[in-house]
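Colleague: Data file input-v7.csv (CSV, C-alpha atoms) is appended below.
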chain,number,residue,atom,x,y,z
A,102,MET,CA,0.0,0.0,0.0
A,103,ALA,CA,1.4,3.3,-1.1
A,104,ILE,CA,2.2,6.0,1.4
A,105,GLU,CA,-0.1,9.0,1.1
A,106,VAL,CA,0.0,12.5,2.3
A,107,PRO,CA,-2.0,13.0,5.5
A,108,GLY,CA,-5.3,14.8,5.0
A,109,LYS,CA,-8.7,14.3,3.6
A,110,ARG,CA,-9.2,11.3,1.4
A,111,TRP,CA,-12.5,11.0,-0.4
A,112,GLY,CA,-14.0,7.8,-1.4
A,113,LYS,CA,-13.9,6.4,-5.0
A,114,ARG,CA,-17.5,7.3,-5.7
A,115,LEU,CA,-16.8,11.0,-4.9
A,116,GLN,CA,-13.7,11.3,-7.1
A,117,HIS,CA,-15.6,12.7,-10.0
A,118,SER,CA,-17.8,14.9,-7.9
A,119,LYS,CA,-17.7,18.6,-8.7
A,120,VAL,CA,-17.7,19.5,-5.1
A,121,PHE,CA,-15.5,16.8,-3.5
A,122,GLY,CA,-13.7,15.4,-6.4
A,123,HIS,CA,-11.2,18.2,-6.8
A,124,GLY,CA,-9.7,17.9,-3.4
A,125,GLY,CA,-6.3,16.5,-2.6
A,126,GLY,CA,-4.1,16.2,-5.6
A,127,HIS,CA,-5.9,18.6,-8.0
A,128,GLY,CA,-4.6,21.8,-6.3
A,129,LYS,CA,-6.5,24.4,-4.3
A,130,LYS,CA,-9.6,26.0,-5.8
A,131,GLN,CA,-10.1,29.7,-5.3
A,132,THR,CA,-12.6,30.4,-2.6
A,133,TYR,CA,-13.8,33.8,-4.1
A,134,ALA,CA,-16.7,33.7,-6.5
A,135,ASP,CA,-17.5,36.6,-8.8
A,136,LEU,CA,-21.0,37.9,-8.6
A,137,LEU,CA,-22.5,38.8,-11.9
A,138,ILE,CA,-23.3,42.5,-11.6
A,139,THR,CA,-24.4,43.2,-15.2
A,140,PRO,CA,-27.8,41.4,-15.1
A,141,LEU,CA,-28.5,42.9,-11.7
A,142,VAL,CA,-27.9,46.4,-12.9
A,143,ASP,CA,-29.9,45.8,-16.1
A,144,MET,CA,-32.8,44.6,-13.9
A,145,PHE,CA,-32.5,47.6,-11.7
A,146,VAL,CA,-32.5,50.0,-14.6
A,147,ILE,CA,-35.7,48.4,-16.1
A,148,ILE,CA,-37.5,48.5,-12.8
A,149,VAL,CA,-36.5,52.2,-12.3
A,150,LEU,CA,-37.7,53.1,-15.8
A,151,PHE,CA,-41.0,51.2,-15.3
A,152,LEU,CA,-41.6,52.9,-12.0
A,153,ILE,CA,-40.8,56.4,-13.3
A,154,ALA,CA,-43.2,55.8,-16.2
A,155,ASN,CA,-45.9,55.0,-13.6
A,156,PHE,CA,-45.0,57.9,-11.3
A,157,SER,CA,-47.7,60.4,-10.5
A,158,ALA,CA,-46.6,63.7,-9.1
A,159,THR,CA,-50.1,64.4,-7.7
A,160,GLY,CA,-50.0,61.3,-5.6
A,161,GLU,CA,-53.2,59.7,-4.4
A,162,VAL,CA,-55.9,62.3,-4.4
A,163,LEU,CA,-58.7,59.9,-3.5
A,164,MET,CA,-58.7,57.5,-0.5
A,165,MET,CA,-59.7,54.2,-2.0
A,166,SER,CA,-62.3,52.4,0.0
A,167,ARG,CA,-63.6,48.8,-0.3
A,168,ASP,CA,-67.1,50.1,-0.1
A,169,ILE,CA,-66.8,52.3,-3.1
A,170,GLN,CA,-66.2,50.7,-6.6
A,171,LEU,CA,-65.8,53.5,-9.1
A,172,PRO,CA,-67.3,53.3,-12.6
A,173,GLU,CA,-65.1,53.2,-15.6
A,174,ALA,CA,-64.7,55.8,-18.4
A,175,PHE,CA,-62.6,56.5,-21.4
A,176,ASN,CA,-62.7,60.2,-22.0
A,177,VAL,CA,-61.3,61.5,-18.7
A,178,THR,CA,-58.9,64.2,-17.6
A,179,ASP,CA,-56.3,64.0,-14.8
A,180,ILE,CA,-57.8,64.3,-11.3
A,181,GLU,CA,-56.8,67.3,-9.2
A,182,ILE,CA,-56.7,68.0,-5.5
A,183,ALA,CA,-60.0,69.2,-4.3
A,184,PRO,CA,-62.4,68.3,-1.5
A,185,VAL,CA,-63.7,64.8,-1.9
A,186,VAL,CA,-67.3,63.8,-1.3
A,187,MET,CA,-67.5,60.0,-0.9
A,188,VAL,CA,-70.8,58.3,-1.5
A,189,SER,CA,-71.1,54.6,-0.8
A,190,ASN,CA,-74.1,52.4,-0.6
A,191,THR,CA,-74.4,53.1,3.1
A,192,ASP,CA,-72.7,56.4,4.0
A,193,ILE,CA,-71.9,59.9,2.7
A,194,MET,CA,-68.5,61.2,3.7
A,195,VAL,CA,-66.5,64.4,3.2
A,196,SER,CA,-62.7,64.0,3.5
A,197,GLY,CA,-63.2,60.8,5.4
A,198,ASN,CA,-65.8,62.1,8.0
A,199,VAL,CA,-69.2,60.6,7.9
A,200,ILE,CA,-71.9,63.2,7.1
A,201,GLY,CA,-75.0,61.1,6.8
A,202,ARG,CA,-76.4,57.7,6.0
A,203,VAL,CA,-77.9,57.0,2.6
A,204,GLU,CA,-80.7,55.0,4.2
A,205,ASP,CA,-81.9,58.1,6.0
A,206,LEU,CA,-81.6,60.3,2.9
A,207,THR,CA,-83.9,58.0,0.8
A,208,LYS,CA,-86.7,58.4,3.4
A,209,ASP,CA,-87.3,62.2,3.1
A,210,ASP,CA,-87.9,64.2,0.0
A,211,TYR,CA,-85.7,67.2,0.6
A,212,LEU,CA,-83.5,68.4,-2.2
A,213,ASN,CA,-80.4,69.1,-0.3
A,214,ILE,CA,-78.3,67.4,2.5
A,215,PRO,CA,-78.0,70.1,5.2
A,216,ALA,CA,-75.0,68.5,7.0
A,217,LEU,CA,-73.1,68.1,3.7
A,218,GLU,CA,-73.9,71.6,2.7
A,219,GLU,CA,-72.8,73.0,6.0
A,220,LYS,CA,-69.5,71.1,5.9
A,221,LEU,CA,-68.8,72.2,2.4
A,222,ARG,CA,-69.5,75.9,3.2
A,223,GLU,CA,-67.2,75.6,6.2
A,224,MET,CA,-64.4,74.1,3.9
A,225,LYS,CA,-65.0,76.9,1.4
A,226,LYS,CA,-64.7,79.6,4.1
A,227,GLN,CA,-61.5,78.0,5.4
A,228,TYR,CA,-60.0,78.0,1.9
A,229,GLU,CA,-61.0,81.6,1.3
A,230,ASP,CA,-59.8,82.8,4.7
A,231,LEU,CA,-56.5,81.0,4.3
A,232,HIS,CA,-55.8,82.5,0.9
A,233,ALA,CA,-56.9,85.9,2.0
A,234,LEU,CA,-54.6,85.7,5.0
A,235,ALA,CA,-51.7,84.7,2.6
A,236,LYS,CA,-52.8,87.5,0.3
A,237,ASP,CA,-52.9,85.0,-2.5
A,238,THR,CA,-54.8,86.5,-5.4
A,239,GLU,CA,-54.1,83.8,-7.9
A,240,GLY,CA,-55.4,80.9,-6.0
A,241,SER,CA,-58.9,82.1,-5.8
A,242,PHE,CA,-61.7,79.7,-5.1
A,243,LYS,CA,-62.7,77.8,-8.2
A,244,GLY,CA,-65.5,75.6,-6.8
A,245,ASP,CA,-63.9,72.2,-7.7
A,246,VAL,CA,-65.2,69.2,-5.8
A,247,ASN,CA,-64.4,65.5,-6.5
A,248,ILE,CA,-67.3,63.1,-6.2
A,249,GLN,CA,-66.2,59.6,-5.4
A,250,ALA,CA,-69.4,57.5,-5.6
A,251,HIS,CA,-70.1,53.8,-5.8
A,252,ARG,CA,-71.3,52.6,-9.2
A,253,ASP,CA,-74.6,51.3,-7.9
A,254,VAL,CA,-75.7,54.4,-6.1
A,255,GLN,CA,-79.0,55.7,-7.4
A,256,PHE,CA,-79.4,59.1,-8.9
A,257,LYS,CA,-82.0,59.9,-6.2
A,258,VAL,CA,-79.1,60.1,-3.7
A,259,MET,CA,-76.6,61.6,-6.2
A,260,LYS,CA,-78.9,64.5,-7.1
A,261,ARG,CA,-79.1,65.6,-3.5
A,262,VAL,CA,-75.3,65.4,-3.2
A,263,LEU,CA,-74.9,67.4,-6.4
A,264,TYR,CA,-77.5,70.0,-5.3
A,265,SER,CA,-75.8,70.4,-1.9
A,266,CYS,CA,-72.4,70.9,-3.6
A,267,ALA,CA,-73.8,73.5,-5.9
A,268,THR,CA,-75.6,75.4,-3.2
A,269,ALA,CA,-72.5,75.4,-1.1
A,270,GLY,CA,-70.6,77.0,-4.0
A,271,TYR,CA,-68.9,74.0,-5.5
A,272,THR,CA,-70.2,74.1,-9.0
A,273,ASN,CA,-67.3,72.4,-10.8
A,274,LEU,CA,-68.3,68.8,-10.2
A,275,ASN,CA,-65.7,66.1,-11.0
A,276,PHE,CA,-66.9,62.5,-11.1
A,277,ALA,CA,-64.0,60.3,-10.1
A,278,VAL,CA,-63.8,57.3,-12.4
A,279,LEU,CA,-61.3,54.5,-13.2
A,280,GLN,CA,-59.5,55.4,-16.3
A,281,LYS,CA,-60.0,52.8,-19.0
A,282,GLY,CA,-57.8,52.8,-22.1
A,283,SER,CA,-56.1,55.9,-23.2
A,284,GLY,CA,-58.9,58.1,-24.6
A,285,ALA,CA,-58.1,61.0,-22.4
A,286,VAL,CA,-59.6,64.3,-23.3
A,287,GLY,CA,-57.0,66.9,-24.1
A,288,GLU,CA,-58.3,69.9,-22.3
A,289,PRO,CA,-60.6,70.0,-19.3
A,290,SER,CA,-64.0,71.0,-20.6
A,291,THR,CA,-65.9,73.9,-19.1
A,292,ALA,CA,-69.5,73.3,-18.4
A,293,THR,CA,-72.4,75.6,-18.7
A,294,GLY,CA,-75.5,75.7,-16.7
A,295,SER,CA,-76.5,77.3,-13.5
A,296,PRO,CA,-76.6,75.5,-10.2
B,125,MET,CA,-8.9,50.9,-4.5
B,126,ALA,CA,-8.6,54.2,-6.2
B,127,GLY,CA,-12.1,55.0,-7.0
B,128,GLY,CA,-12.5,51.7,-8.8
B,129,MET,CA,-9.8,52.6,-11.3
B,130,ASP,CA,-6.9,50.3,-11.8
B,131,LEU,CA,-3.9,52.5,-11.8
B,132,GLY,CA,-1.5,49.7,-12.4
B,133,THR,CA,1.5,49.1,-10.4
B,134,GLY,CA,2.9,52.5,-10.8
B,135,GLY,CA,6.4,53.3,-11.8
B,136,LYS,CA,7.6,55.5,-14.5
B,137,GLY,CA,8.8,52.9,-16.8
B,138,GLY,CA,5.8,50.6,-16.8
B,139,LYS,CA,2.8,50.9,-19.2
B,140,LYS,CA,-0.5,51.8,-17.7
B,141,PRO,CA,-3.3,49.4,-18.6
B,142,LEU,CA,-6.1,51.0,-20.6
B,143,ASP,CA,-8.9,49.0,-19.0
B,144,THR,CA,-10.6,50.7,-16.1
B,145,GLN,CA,-13.2,49.2,-13.9
B,146,ILE,CA,-16.2,51.3,-12.8
B,147,ASN,CA,-17.2,50.9,-9.2
B,148,LEU,CA,-20.8,49.7,-9.4
B,149,VAL,CA,-21.5,49.6,-5.7
B,150,PRO,CA,-22.7,53.2,-5.2
B,151,PHE,CA,-24.6,52.9,-8.5
B,152,ILE,CA,-26.4,49.9,-7.2
B,153,ASP,CA,-27.0,51.6,-3.8
B,154,LEU,CA,-28.6,54.6,-5.7
B,155,MET,CA,-30.8,52.3,-7.7
B,156,ALA,CA,-32.0,50.4,-4.6
B,157,VAL,CA,-32.9,53.7,-2.9
B,158,THR,CA,-34.6,55.0,-6.0
B,159,ILE,CA,-36.6,51.8,-6.5
B,160,SER,CA,-37.7,51.9,-2.8
B,161,PHE,CA,-38.8,55.5,-3.1
B,162,LEU,CA,-40.7,54.9,-6.4
B,163,ILE,CA,-42.4,51.8,-5.1
B,164,MET,CA,-43.6,53.7,-2.0
B,165,THR,CA,-44.9,56.6,-4.0
B,166,ALA,CA,-46.4,54.6,-6.8
B,167,VAL,CA,-50.1,55.0,-7.7
B,168,TRP,CA,-51.3,51.7,-9.0
B,169,THR,CA,-54.8,52.6,-10.0
B,170,SER,CA,-55.2,55.3,-12.6
B,171,ILE,CA,-58.1,57.5,-11.6
B,172,GLY,CA,-59.5,60.2,-13.8
B,173,ARG,CA,-62.3,62.7,-13.6
B,174,LEU,CA,-65.3,63.6,-15.7
B,175,GLN,CA,-66.1,67.2,-15.3
B,176,VAL,CA,-69.8,68.1,-15.3
B,177,ALA,CA,-71.9,71.0,-14.3
B,178,ASN,CA,-75.0,70.8,-12.1
B,179,SER,CA,-78.1,72.3,-13.5
B,180,GLY,CA,-79.8,72.1,-10.1
B,181,ALA,CA,-82.9,70.2,-9.5
B,182,SER,CA,-84.9,71.8,-12.2
B,183,ALA,CA,-85.4,70.1,-15.6
B,184,GLU,CA,-84.7,73.4,-17.3
B,185,PRO,CA,-82.2,72.7,-20.1
B,186,ALA,CA,-79.0,74.7,-20.3
B,187,SER,CA,-79.2,78.1,-21.9
B,188,PRO,CA,-78.4,78.2,-25.6
B,189,THR,CA,-74.9,79.2,-26.4
B,190,GLU,CA,-73.9,82.4,-28.2
B,191,ASP,CA,-73.8,80.7,-31.6
B,192,LYS,CA,-77.5,80.1,-31.4
B,193,THR,CA,-77.2,76.4,-31.2
B,194,PRO,CA,-80.5,74.9,-29.9
B,195,PRO,CA,-80.2,73.4,-26.4
B,196,ILE,CA,-79.6,69.7,-26.5
B,197,SER,CA,-81.0,67.5,-23.8
B,198,LEU,CA,-81.1,63.8,-23.1
B,199,LEU,CA,-83.8,62.4,-20.8
B,200,ILE,CA,-82.6,59.2,-19.1
B,201,THR,CA,-85.2,56.9,-17.8
B,202,GLU,CA,-84.9,53.3,-16.7
B,203,LYS,CA,-86.5,52.1,-20.0
B,204,GLU,CA,-85.5,54.6,-22.6
B,205,LEU,CA,-83.3,57.5,-23.6
B,206,ARG,CA,-84.9,60.6,-25.3
B,207,LEU,CA,-82.7,62.9,-27.2
B,208,SER,CA,-83.9,66.4,-28.2
B,209,ALA,CA,-82.4,69.4,-29.7
B,210,GLY,CA,-84.5,72.5,-29.3
B,211,THR,CA,-87.9,71.7,-30.7
B,212,GLN,CA,-86.7,68.7,-32.6
B,213,THR,CA,-87.2,65.4,-30.8
B,214,PHE,CA,-85.5,62.1,-31.9
B,215,ASP,CA,-87.0,58.7,-31.6
B,216,PRO,CA,-86.7,57.3,-28.1
B,217,ILE,CA,-83.9,54.7,-27.7
B,218,PRO,CA,-84.9,51.7,-25.6
B,219,VAL,CA,-82.4,50.9,-22.9
B,220,THR,CA,-80.7,47.5,-23.4
B,221,ARG,CA,-78.1,45.9,-21.2
B,222,GLY,CA,-75.2,43.7,-22.0
B,223,PRO,CA,-74.2,40.5,-20.2
B,224,THR,CA,-72.5,42.4,-17.5
B,225,ASN,CA,-75.6,44.6,-16.9
B,226,LYS,CA,-73.9,47.6,-18.5
B,227,ILE,CA,-76.1,49.8,-20.6
B,228,GLU,CA,-75.5,49.5,-24.3
B,229,LEU,CA,-74.9,52.9,-26.0
B,230,GLU,CA,-74.3,52.1,-29.7
B,231,LYS,CA,-77.7,53.5,-30.7
B,232,LEU,CA,-77.1,56.6,-28.7
B,233,LYS,CA,-73.8,57.0,-30.4
B,234,ASP,CA,-75.5,56.8,-33.8
B,235,LYS,CA,-78.0,59.5,-32.7
B,236,PHE,CA,-75.2,61.7,-31.5
B,237,LYS,CA,-73.5,61.3,-34.9
B,238,GLU,CA,-76.7,62.3,-36.6
B,239,LEU,CA,-77.1,65.2,-34.3
B,240,LYS,CA,-73.5,66.4,-35.0
B,241,THR,CA,-74.1,66.3,-38.7
B,242,GLN,CA,-77.1,68.6,-38.2
B,243,LEU,CA,-75.5,70.8,-35.5
B,244,PRO,CA,-71.7,70.6,-36.0
B,245,ASP,CA,-71.1,73.5,-33.5
B,246,ALA,CA,-73.1,71.9,-30.7
B,247,SER,CA,-70.9,71.2,-27.6
B,248,THR,CA,-73.3,71.4,-24.7
B,249,ILE,CA,-75.8,68.8,-23.5
B,250,THR,CA,-78.0,68.6,-20.5
B,251,LEU,CA,-78.7,65.2,-19.0
B,252,GLN,CA,-81.9,64.8,-17.1
B,253,ALA,CA,-81.9,61.6,-15.1
B,254,GLU,CA,-84.7,59.9,-13.2
B,255,ASP,CA,-84.3,58.9,-9.6
B,256,GLY,CA,-83.8,55.2,-10.3
B,257,ILE,CA,-80.9,55.6,-12.6
B,258,ARG,CA,-77.7,54.0,-11.5
B,259,TYR,CA,-74.6,56.2,-11.1
B,260,GLU,CA,-72.6,53.9,-13.4
B,261,ASP,CA,-75.1,54.3,-16.2
B,262,LEU,CA,-75.0,58.1,-15.8
B,263,VAL,CA,-71.2,58.1,-15.9
B,264,ARG,CA,-71.2,55.9,-19.0
B,265,ILE,CA,-73.6,58.2,-20.8
B,266,ILE,CA,-71.5,61.3,-19.8
B,267,ASP,CA,-68.5,59.5,-21.1
B,268,GLU,CA,-70.3,58.8,-24.3
B,269,CYS,CA,-71.3,62.4,-24.7
B,270,LYS,CA,-67.7,63.6,-24.2
B,271,GLY,CA,-66.4,61.0,-26.6
B,272,ASP,CA,-69.0,62.1,-29.3
B,273,GLY,CA,-68.1,65.8,-29.4
B,274,LEU,CA,-70.3,67.1,-26.6
B,275,PRO,CA,-67.7,67.9,-24.0
B,276,ASN,CA,-69.8,70.4,-21.9
B,277,VAL,CA,-72.2,68.2,-19.9
B,278,SER,CA,-74.5,69.4,-17.3
B,279,VAL,CA,-76.6,67.1,-15.1
B,280,ALA,CA,-80.1,67.8,-13.9
B,281,ALA,CA,-82.9,65.8,-12.3
B,282,ALA,CA,-85.8,64.8,-14.5
B,283,MET,CA,-89.1,66.4,-13.6
B,284,GLY,CA,-92.2,64.3,-13.0
How does this structure look as structure tokens?
Modeller:
Amino acid sequence: MAIEVPGKRWGKRLQHSKVFGHGGGHGKKQTYADLLITPLVDMFVIIVLFLIANFSATGEVLMMSRDIQLPEAFNVTDIEIAPVVMVSNTDIMVSGNVIGRVEDLTKDDYLNIPALEEKLREMKKQYEDLHALAKDTEGSFKGDVNIQAHRDVQFKVMKRVLYSCATAGYTNLNFAVLQKGSGAVGEPSTATGSP
Amino acid sequence: MAGGMDLGTGGKGGKKPLDTQINLVPFIDLMAVTISFLIMTAVWTSIGRLQVANSGASAEPASPTEDKTPPISLLITEKELRLSAGTQTFDPIPVTRGPTNKIELEKLKDKFKELKTQLPDASTITLQAEDGIRYEDLVRIIDECKGDGLPNVSVAAAMG
């Protein structure tokens, strides 16, 4: 039996193994492994470009709720920051605060919703006071309001919401919709008609 | 590591190698930070708006525009759509729904085309909706109006 150098001796069946087969007499293998940076950087660049393409400077204007499923539309313009009136199947909310219940509104035959009207008037006054205090002449009150309503809400409820908005001074009504396709209208349209 | 650049072994006599190695570590760090920021600020649902005016609770159509275009109005009931332009009234369009319960608007589109051939300057329409109309149907009709060359839409309640 030949004399061998002390050390690890692998069995015959491991002699051709990629892991264990190179030990002993084949010389030392380098322990450092190069990490392939190029595909990693490529992937990062693609992800960054994709995210920049989807980037919205306005952020999330509307607070998405599970109770409110928006209808879809093609000919839309970009949504802008304005007070949001949320109408679900159960509640009416302004900027997240519950104003009234839809169930109660369907019982009476009034044309407006006093609580909503009052809240909107208050918001309008706050806006005007703030801009007057800052002596901001350019940012005058335009009467924009975003209506975020569930698709199944009946017009009986909606007309009261719209009427309340109009009487509170918010005459530019913007119905929030899910944009479908790319049929965006170029310029925001100006509507006629008196509130 | 001199900024990731291989400066060779130095010495005045030796040739400097032309290959340089860019240090990618800060670049990857920047990418990671940018990706994190963009993912956090990303808006995944594209929400738009349909601008309309409110004509109040009255069924009075919008005042005619300066170019003497007769006021166009569309009465929306649960069974039919009635389009009228001034004194001219079009045939009522029966409301039909697709498999997903969405209102079908092909016939209304044809009526709008017909209307636009007669009144090419028309841009304003008043929608008068009944109480039982679903918001989704109203939005789809507003969308159709805007798509068919009537961008100035006002909404009113139908009388009676």
Colleague: With a distance threshold of 8 Å and counting only C-alpha atoms, extract the residues of chain B near chain A and express them as an NGL selection string.
Modeller: :B and (148 or 152 or 155-156 or 158-159 or 162-163 or 165-181 or 186-187 or 248 or 253-260 or 263-264 or 267 or 270-271 or 275-278 or 280-281)
Colleague: Could you check which of A:Leu115, A:Val106, A:Ile200, A:Ala183 is closest to Tyr228 in chain A, using all atoms listed in the file?
Modeller: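 Among the listed residues, A:Ala183 lies closest to Tyr228 in chain A.
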Colleague: Name the residues within 12 Å of (-81.4, 64.1, -29.9), counting all atoms listed in the file in the file's coordinates, and put them as a ChimeraX atom specification.
Modeller: /B:194-200,205-217,231-243,246,249-251,269,274
Colleague: If I take CA of Arg222 in chain A and CA of Pro184 in chain A, how far is one from the other in Å, to one decimal?
Modeller: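 Computed distance, CA of Arg222 in chain A to CA of Pro184 in chain A, equals 11.4 Å.
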